Structures are given as structure tokens and as C-alpha cells.
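Enquirer: Before I ask anything, here is the structure I am working with.
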Amino acid sequence: KYKKVRGGYSRLLDISCASCGAHICYYQKDGPGILKRMYLDRIIGPAFERLHGKSLKQLPQLICPHCKQHMGVPIIYEKENRLAYRLFVGAVLKKIIRSH
């Protein structure tokens, strides 16, 4: 449903820490533009699957498990009433993953 609203353009990103380069998760990004926030229901990774169904107060800060760099804060994105992590500028690196 979200992909259709944003024009049907979707890609899978490999998200890593900008400080140490450690892999954090994979993220499905729809639509054009920069990555400002990561919606919880689009994050793919074992550490994040346990967070599905949690409330805002139960979500931890987004911190690199390797170097402990603080990368983002949990929010509720008001326009869509969805849980997300608001990313700090320059905190993450992203690389487009090609699907075969």
C-alpha cells in the first residue's frame, strides 16, 4: 500500500554505521529523496524483529552495537501514525542492494 502511494518505486538498502562501518540492518525504502527516518515495519534484521508490536516508550534508541554511536531516536511519524526511527544527519551509510 505504501509503495503504490509513492509511485511504485522501491529499493532495498544495506544500512551501516557511519563511524565504524558495522552492518545495522536492511531497510526497504520507497519513493525518492534522502533517508530521514526508518519505519519500524520496513526494517529487516533479527535485532529489530523483536521490536514489532512495541509502543514508542518501549523502543530503544538506535545505537550501533559495535561502537555504541547514537544514530537515531524513536518517534511516531504523525502524518502516517507509524513508529519510526528519526536518523541523525550523517549517522548512517546506505548502499542499494540489487535483487536477483
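Please note that chains go A, B, ... in the order of the C-alpha cells, that every chain numbers its residues from 1, and that ligands are numbered from 1 in the order shown.
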Leaving out Ala18 in chain A and any residue of its chain fewer than 5 positions from it, which residues lie within 10 Å of it when counting only C-alpha atoms, given as a list in words?
Expert: His23, Cys64, Gln69, Met71, Gly90, Ala91, Val92, Leu93 and Lys94 of chain A
Enquirer: Go ahead and dump the residues you just picked, all heavy atoms, as a PDB file, in the first residue's frame.
Expert:
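Writing done, so here's result-v9.pdb:
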ATOM      1  N   HIS A  23      27.460  -3.363  10.001  1.00  0.00           N
ATOM      2  CA  HIS A  23      26.112  -3.551   9.448  1.00  0.00           C
ATOM      3  C   HIS A  23      25.079  -3.394  10.565  1.00  0.00           C
ATOM      4  O   HIS A  23      25.224  -3.964  11.634  1.00  0.00           O
ATOM      5  CB  HIS A  23      26.004  -4.933   8.804  1.00  0.00           C
ATOM      6  CG  HIS A  23      24.613  -5.297   8.414  1.00  0.00           C
ATOM      7  ND1 HIS A  23      24.007  -4.786   7.291  1.00  0.00           N
ATOM      8  CD2 HIS A  23      23.699  -6.097   9.005  1.00  0.00           C
ATOM      9  CE1 HIS A  23      22.771  -5.271   7.204  1.00  0.00           C
ATOM     10  NE2 HIS A  23      22.571  -6.064   8.244  1.00  0.00           N
ATOM     11  N   CYS A  64      24.615   1.926  17.509  1.00  0.00           N
ATOM     12  CA  CYS A  64      25.445   0.923  16.855  1.00  0.00           C
ATOM     13  C   CYS A  64      25.887  -0.119  17.887  1.00  0.00           C
ATOM     14  O   CYS A  64      26.449   0.246  18.927  1.00  0.00           O
ATOM     15  CB  CYS A  64      26.669   1.574  16.225  1.00  0.00           C
ATOM     16  SG  CYS A  64      27.823   0.381  15.508  1.00  0.00           S
ATOM     17  N   GLN A  69      27.817   4.231  18.832  1.00  0.00           N
ATOM     18  CA  GLN A  69      27.470   5.553  18.286  1.00  0.00           C
ATOM     19  C   GLN A  69      25.945   5.699  18.273  1.00  0.00           C
ATOM     20  O   GLN A  69      25.233   4.807  17.850  1.00  0.00           O
ATOM     21  CB  GLN A  69      28.019   5.690  16.855  1.00  0.00           C
ATOM     22  CG  GLN A  69      27.662   6.969  16.154  1.00  0.00           C
ATOM     23  CD  GLN A  69      28.404   8.173  16.706  1.00  0.00           C
ATOM     24  OE1 GLN A  69      29.502   8.043  17.240  1.00  0.00           O
ATOM     25  NE2 GLN A  69      27.802   9.326  16.581  1.00  0.00           N
ATOM     26  N   MET A  71      22.669   6.827  16.711  1.00  0.00           N
ATOM     27  CA  MET A  71      22.324   7.096  15.314  1.00  0.00           C
ATOM     28  C   MET A  71      20.920   7.638  15.110  1.00  0.00           C
ATOM     29  O   MET A  71      20.636   8.217  14.071  1.00  0.00           O
ATOM     30  CB  MET A  71      22.489   5.820  14.493  1.00  0.00           C
ATOM     31  CG  MET A  71      23.903   5.301  14.500  1.00  0.00           C
ATOM     32  SD  MET A  71      24.127   3.849  13.474  1.00  0.00           S
ATOM     33  CE  MET A  71      23.133   2.668  14.323  1.00  0.00           C
ATOM     34  N   GLY A  90      24.116  12.200   8.855  1.00  0.00           N
ATOM     35  CA  GLY A  90      25.456  11.634   8.762  1.00  0.00           C
ATOM     36  C   GLY A  90      25.731  10.458   9.677  1.00  0.00           C
ATOM     37  O   GLY A  90      26.876  10.021   9.780  1.00  0.00           O
ATOM     38  N   ALA A  91      24.707   9.919  10.338  1.00  0.00           N
ATOM     39  CA  ALA A  91      24.918   8.827  11.291  1.00  0.00           C
ATOM     40  C   ALA A  91      24.984   7.458  10.628  1.00  0.00           C
ATOM     41  O   ALA A  91      25.581   6.541  11.178  1.00  0.00           O
ATOM     42  CB  ALA A  91      23.818   8.827  12.345  1.00  0.00           C
ATOM     43  N   VAL A  92      24.349   7.314   9.458  1.00  0.00           N
ATOM     44  CA  VAL A  92      24.333   6.013   8.789  1.00  0.00           C
ATOM     45  C   VAL A  92      24.840   6.118   7.365  1.00  0.00           C
ATOM     46  O   VAL A  92      24.787   7.181   6.743  1.00  0.00           O
ATOM     47  CB  VAL A  92      22.909   5.382   8.773  1.00  0.00           C
ATOM     48  CG1 VAL A  92      22.405   5.156  10.176  1.00  0.00           C
ATOM     49  CG2 VAL A  92      21.944   6.209   7.973  1.00  0.00           C
ATOM     50  N   LEU A  93      25.350   4.995   6.885  1.00  0.00           N
ATOM     51  CA  LEU A  93      25.725   4.854   5.478  1.00  0.00           C
ATOM     52  C   LEU A  93      24.719   3.916   4.859  1.00  0.00           C
ATOM     53  O   LEU A  93      24.238   2.981   5.513  1.00  0.00           O
ATOM     54  CB  LEU A  93      27.124   4.265   5.348  1.00  0.00           C
ATOM     55  CG  LEU A  93      28.267   5.070   5.957  1.00  0.00           C
ATOM     56  CD1 LEU A  93      29.566   4.263   5.876  1.00  0.00           C
ATOM     57  CD2 LEU A  93      28.415   6.393   5.253  1.00  0.00           C
ATOM     58  N   LYS A  94      24.389   4.140   3.597  1.00  0.00           N
ATOM     59  CA  LYS A  94      23.430   3.268   2.926  1.00  0.00           C
ATOM     60  C   LYS A  94      23.959   2.862   1.578  1.00  0.00           C
ATOM     61  O   LYS A  94      24.639   3.624   0.910  1.00  0.00           O
ATOM     62  CB  LYS A  94      22.071   3.942   2.809  1.00  0.00           C
ATOM     63  CG  LYS A  94      22.107   5.301   2.194  1.00  0.00           C
ATOM     64  CD  LYS A  94      20.949   6.136   2.701  1.00  0.00           C
ATOM     65  CE  LYS A  94      21.128   7.585   2.386  1.00  0.00           C
ATOM     66  NZ  LYS A  94      22.194   8.246   3.061  1.00  0.00           N
TER      67      LYS A  94
END
Enquirer: From a DSSP pass on the backbone, collect the residues of chain A flagged as alpha helix (DSSP H) and hand them back as a PDB file with C-alpha atoms, in the first residue's frame.
Expert:
ATOM      1  CA  TYR A   2       2.823   2.458   0.823  1.00  0.00           C
ATOM      2  CA  LYS A   3       4.765   1.550  -2.316  1.00  0.00           C
ATOM      3  CA  LYS A   4       1.741   2.338  -4.516  1.00  0.00           C
ATOM      4  CA  VAL A   5       1.251   5.748  -2.836  1.00  0.00           C
ATOM      5  CA  PRO A  46      16.964 -10.050  13.679  1.00  0.00           C
ATOM      6  CA  ALA A  47      17.591  -7.319  16.269  1.00  0.00           C
ATOM      7  CA  PHE A  48      14.571  -5.351  15.029  1.00  0.00           C
ATOM      8  CA  GLU A  49      12.023  -8.154  14.596  1.00  0.00           C
TER       9      GLU A  49
END
Enquirer: So that I can check the surroundings of Tyr39 in chain A, please list as an MDAnalysis selection string every protein, DNA and RNA residue that reaches within 12 Å of it, counting only C-alpha atoms and ignoring chain neighbours fewer than 6 positions away.
Expert: chainID A and resid 2 26:30 48 51:52 72:77 80:87
Enquirer: How about saving the chosen residues, C-alpha atoms kept, as a JSON list (two decimals), in the first residue's frame?
Expert:
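Full text of again27.json as output:
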[["chain", "number", "residue", "atom", "x", "y", "z"],
["A", 2, "TYR", "CA", 2.82, 2.46, 0.82],
["A", 26, "TYR", "CA", 18.39, -3.83, 5.78],
["A", 27, "TYR", "CA", 15.67, -1.30, 5.00],
["A", 28, "GLN", "CA", 13.03, -1.14, 2.25],
["A", 29, "LYS", "CA", 12.93, 2.47, 1.03],
["A", 30, "ASP", "CA", 10.04, 3.59, -1.15],
["A", 48, "PHE", "CA", 14.57, -5.35, 15.03],
["A", 51, "LEU", "CA", 10.51, -4.67, 18.37],
["A", 52, "HIS", "CA", 7.41, -5.17, 16.20],
["A", 72, "GLY", "CA", 18.65, 7.92, 15.89],
["A", 73, "VAL", "CA", 15.66, 8.27, 18.18],
["A", 74, "PRO", "CA", 12.29, 6.50, 18.14],
["A", 75, "ILE", "CA", 9.34, 8.63, 17.05],
["A", 76, "ILE", "CA", 5.75, 8.32, 15.89],
["A", 77, "TYR", "CA", 5.58, 9.86, 12.42],
["A", 80, "GLU", "CA", 1.01, 8.27, 8.93],
["A", 81, "ASN", "CA", 0.82, 7.44, 12.66],
["A", 82, "ARG", "CA", 3.69, 4.95, 12.29],
["A", 83, "LEU", "CA", 6.58, 4.04, 14.53],
["A", 84, "ALA", "CA", 9.94, 5.05, 13.09],
["A", 85, "TYR", "CA", 13.50, 5.94, 13.94],
["A", 86, "ARG", "CA", 14.44, 9.53, 13.10],
["A", 87, "LEU", "CA", 18.02, 9.36, 11.91]]
Enquirer: Give me, as a PDB file with N, CA and C atoms, in the first residue's frame, all polymer residues having an atom no more than 9 Å from Pro65 in chain A, counting only C-alpha atoms and skipping those fewer than 2 positions away in the same chain.
Expert:
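part-v7.pdb, written as the output of this step:
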ATOM      1  N   ALA A  22      29.932  -0.891  10.719  1.00  0.00           N
ATOM      2  CA  ALA A  22      29.252  -2.132  11.090  1.00  0.00           C
ATOM      3  C   ALA A  22      27.846  -2.178  10.485  1.00  0.00           C
ATOM      4  N   ILE A  24      24.024  -2.624  10.292  1.00  0.00           N
ATOM      5  CA  ILE A  24      22.956  -2.419  11.271  1.00  0.00           C
ATOM      6  C   ILE A  24      21.711  -3.217  10.887  1.00  0.00           C
ATOM      7  N   ILE A  63      21.270   2.642  18.365  1.00  0.00           N
ATOM      8  CA  ILE A  63      22.686   2.730  18.735  1.00  0.00           C
ATOM      9  C   ILE A  63      23.445   1.612  18.036  1.00  0.00           C
ATOM     10  N   CYS A  67      30.221   0.100  17.949  1.00  0.00           N
ATOM     11  CA  CYS A  67      30.970   1.247  18.510  1.00  0.00           C
ATOM     12  C   CYS A  67      30.144   2.115  19.458  1.00  0.00           C
ATOM     13  N   LYS A  68      28.858   1.777  19.630  1.00  0.00           N
ATOM     14  CA  LYS A  68      27.953   2.486  20.545  1.00  0.00           C
ATOM     15  C   LYS A  68      27.638   3.915  20.105  1.00  0.00           C
ATOM     16  N   GLN A  69      27.817   4.231  18.832  1.00  0.00           N
ATOM     17  CA  GLN A  69      27.470   5.553  18.286  1.00  0.00           C
ATOM     18  C   GLN A  69      25.945   5.699  18.273  1.00  0.00           C
TER      19      GLN A  69
END
Enquirer: Enumerate as a ChimeraX atom specification all residues of chain A assigned to strand (DSSP E) by DSSP on the backbone, naming them with the chain letters and numbers the document uses.
Expert: /A:10-17,23-30,37-39,43-44,62-63,70-77,82-87,92-97
Enquirer: Emit the selected residues as a PDB file, in the first residue's frame, including C-alpha atoms.
Expert:
ATOM      1  CA  SER A  10      11.120   0.630  -4.098  1.00  0.00           C
ATOM      2  CA  ARG A  11      14.672  -0.445  -3.249  1.00  0.00           C
ATOM      3  CA  LEU A  12      16.428  -2.403  -0.533  1.00  0.00           C
ATOM      4  CA  LEU A  13      19.167  -0.563   1.368  1.00  0.00           C
ATOM      5  CA  ASP A  14      22.008  -2.016   3.410  1.00  0.00           C
ATOM      6  CA  ILE A  15      22.264   0.316   6.436  1.00  0.00           C
ATOM      7  CA  SER A  16      25.564   0.562   8.307  1.00  0.00           C
ATOM      8  CA  CYS A  17      27.135   2.790  10.961  1.00  0.00           C
ATOM      9  CA  HIS A  23      26.112  -3.551   9.448  1.00  0.00           C
ATOM     10  CA  ILE A  24      22.956  -2.419  11.271  1.00  0.00           C
ATOM     11  CA  CYS A  25      20.030  -3.717   9.187  1.00  0.00           C
ATOM     12  CA  TYR A  26      18.393  -3.830   5.780  1.00  0.00           C
ATOM     13  CA  TYR A  27      15.668  -1.301   5.001  1.00  0.00           C
ATOM     14  CA  GLN A  28      13.029  -1.140   2.254  1.00  0.00           C
ATOM     15  CA  LYS A  29      12.927   2.472   1.028  1.00  0.00           C
ATOM     16  CA  ASP A  30      10.037   3.592  -1.149  1.00  0.00           C
ATOM     17  CA  ARG A  37      13.611   8.157   9.035  1.00  0.00           C
ATOM     18  CA  MET A  38      13.263   4.390   9.022  1.00  0.00           C
ATOM     19  CA  TYR A  39       9.786   2.987   9.626  1.00  0.00           C
ATOM     20  CA  ILE A  43      13.375  -2.642   8.861  1.00  0.00           C
ATOM     21  CA  ILE A  44      14.701  -6.148   8.170  1.00  0.00           C
ATOM     22  CA  LEU A  62      19.107   3.448  17.675  1.00  0.00           C
ATOM     23  CA  ILE A  63      22.686   2.730  18.735  1.00  0.00           C
ATOM     24  CA  HIS A  70      23.999   7.116  18.759  1.00  0.00           C
ATOM     25  CA  MET A  71      22.324   7.096  15.314  1.00  0.00           C
ATOM     26  CA  GLY A  72      18.650   7.924  15.886  1.00  0.00           C
ATOM     27  CA  VAL A  73      15.658   8.274  18.181  1.00  0.00           C
ATOM     28  CA  PRO A  74      12.291   6.502  18.141  1.00  0.00           C
ATOM     29  CA  ILE A  75       9.338   8.634  17.054  1.00  0.00           C
ATOM     30  CA  ILE A  76       5.755   8.321  15.889  1.00  0.00           C
ATOM     31  CA  TYR A  77       5.580   9.858  12.417  1.00  0.00           C
ATOM     32  CA  ARG A  82       3.686   4.948  12.285  1.00  0.00           C
ATOM     33  CA  LEU A  83       6.585   4.040  14.533  1.00  0.00           C
ATOM     34  CA  ALA A  84       9.935   5.051  13.088  1.00  0.00           C
ATOM     35  CA  TYR A  85      13.498   5.942  13.943  1.00  0.00           C
ATOM     36  CA  ARG A  86      14.439   9.534  13.103  1.00  0.00           C
ATOM     37  CA  LEU A  87      18.024   9.361  11.907  1.00  0.00           C
ATOM     38  CA  VAL A  92      24.333   6.013   8.789  1.00  0.00           C
ATOM     39  CA  LEU A  93      25.725   4.854   5.478  1.00  0.00           C
ATOM     40  CA  LYS A  94      23.430   3.268   2.926  1.00  0.00           C
ATOM     41  CA  LYS A  95      24.085   1.065  -0.049  1.00  0.00           C
ATOM     42  CA  ILE A  96      21.483  -0.123  -2.550  1.00  0.00           C
ATOM     43  CA  ILE A  97      21.213  -3.913  -2.663  1.00  0.00           C
TER      44      ILE A  97
END
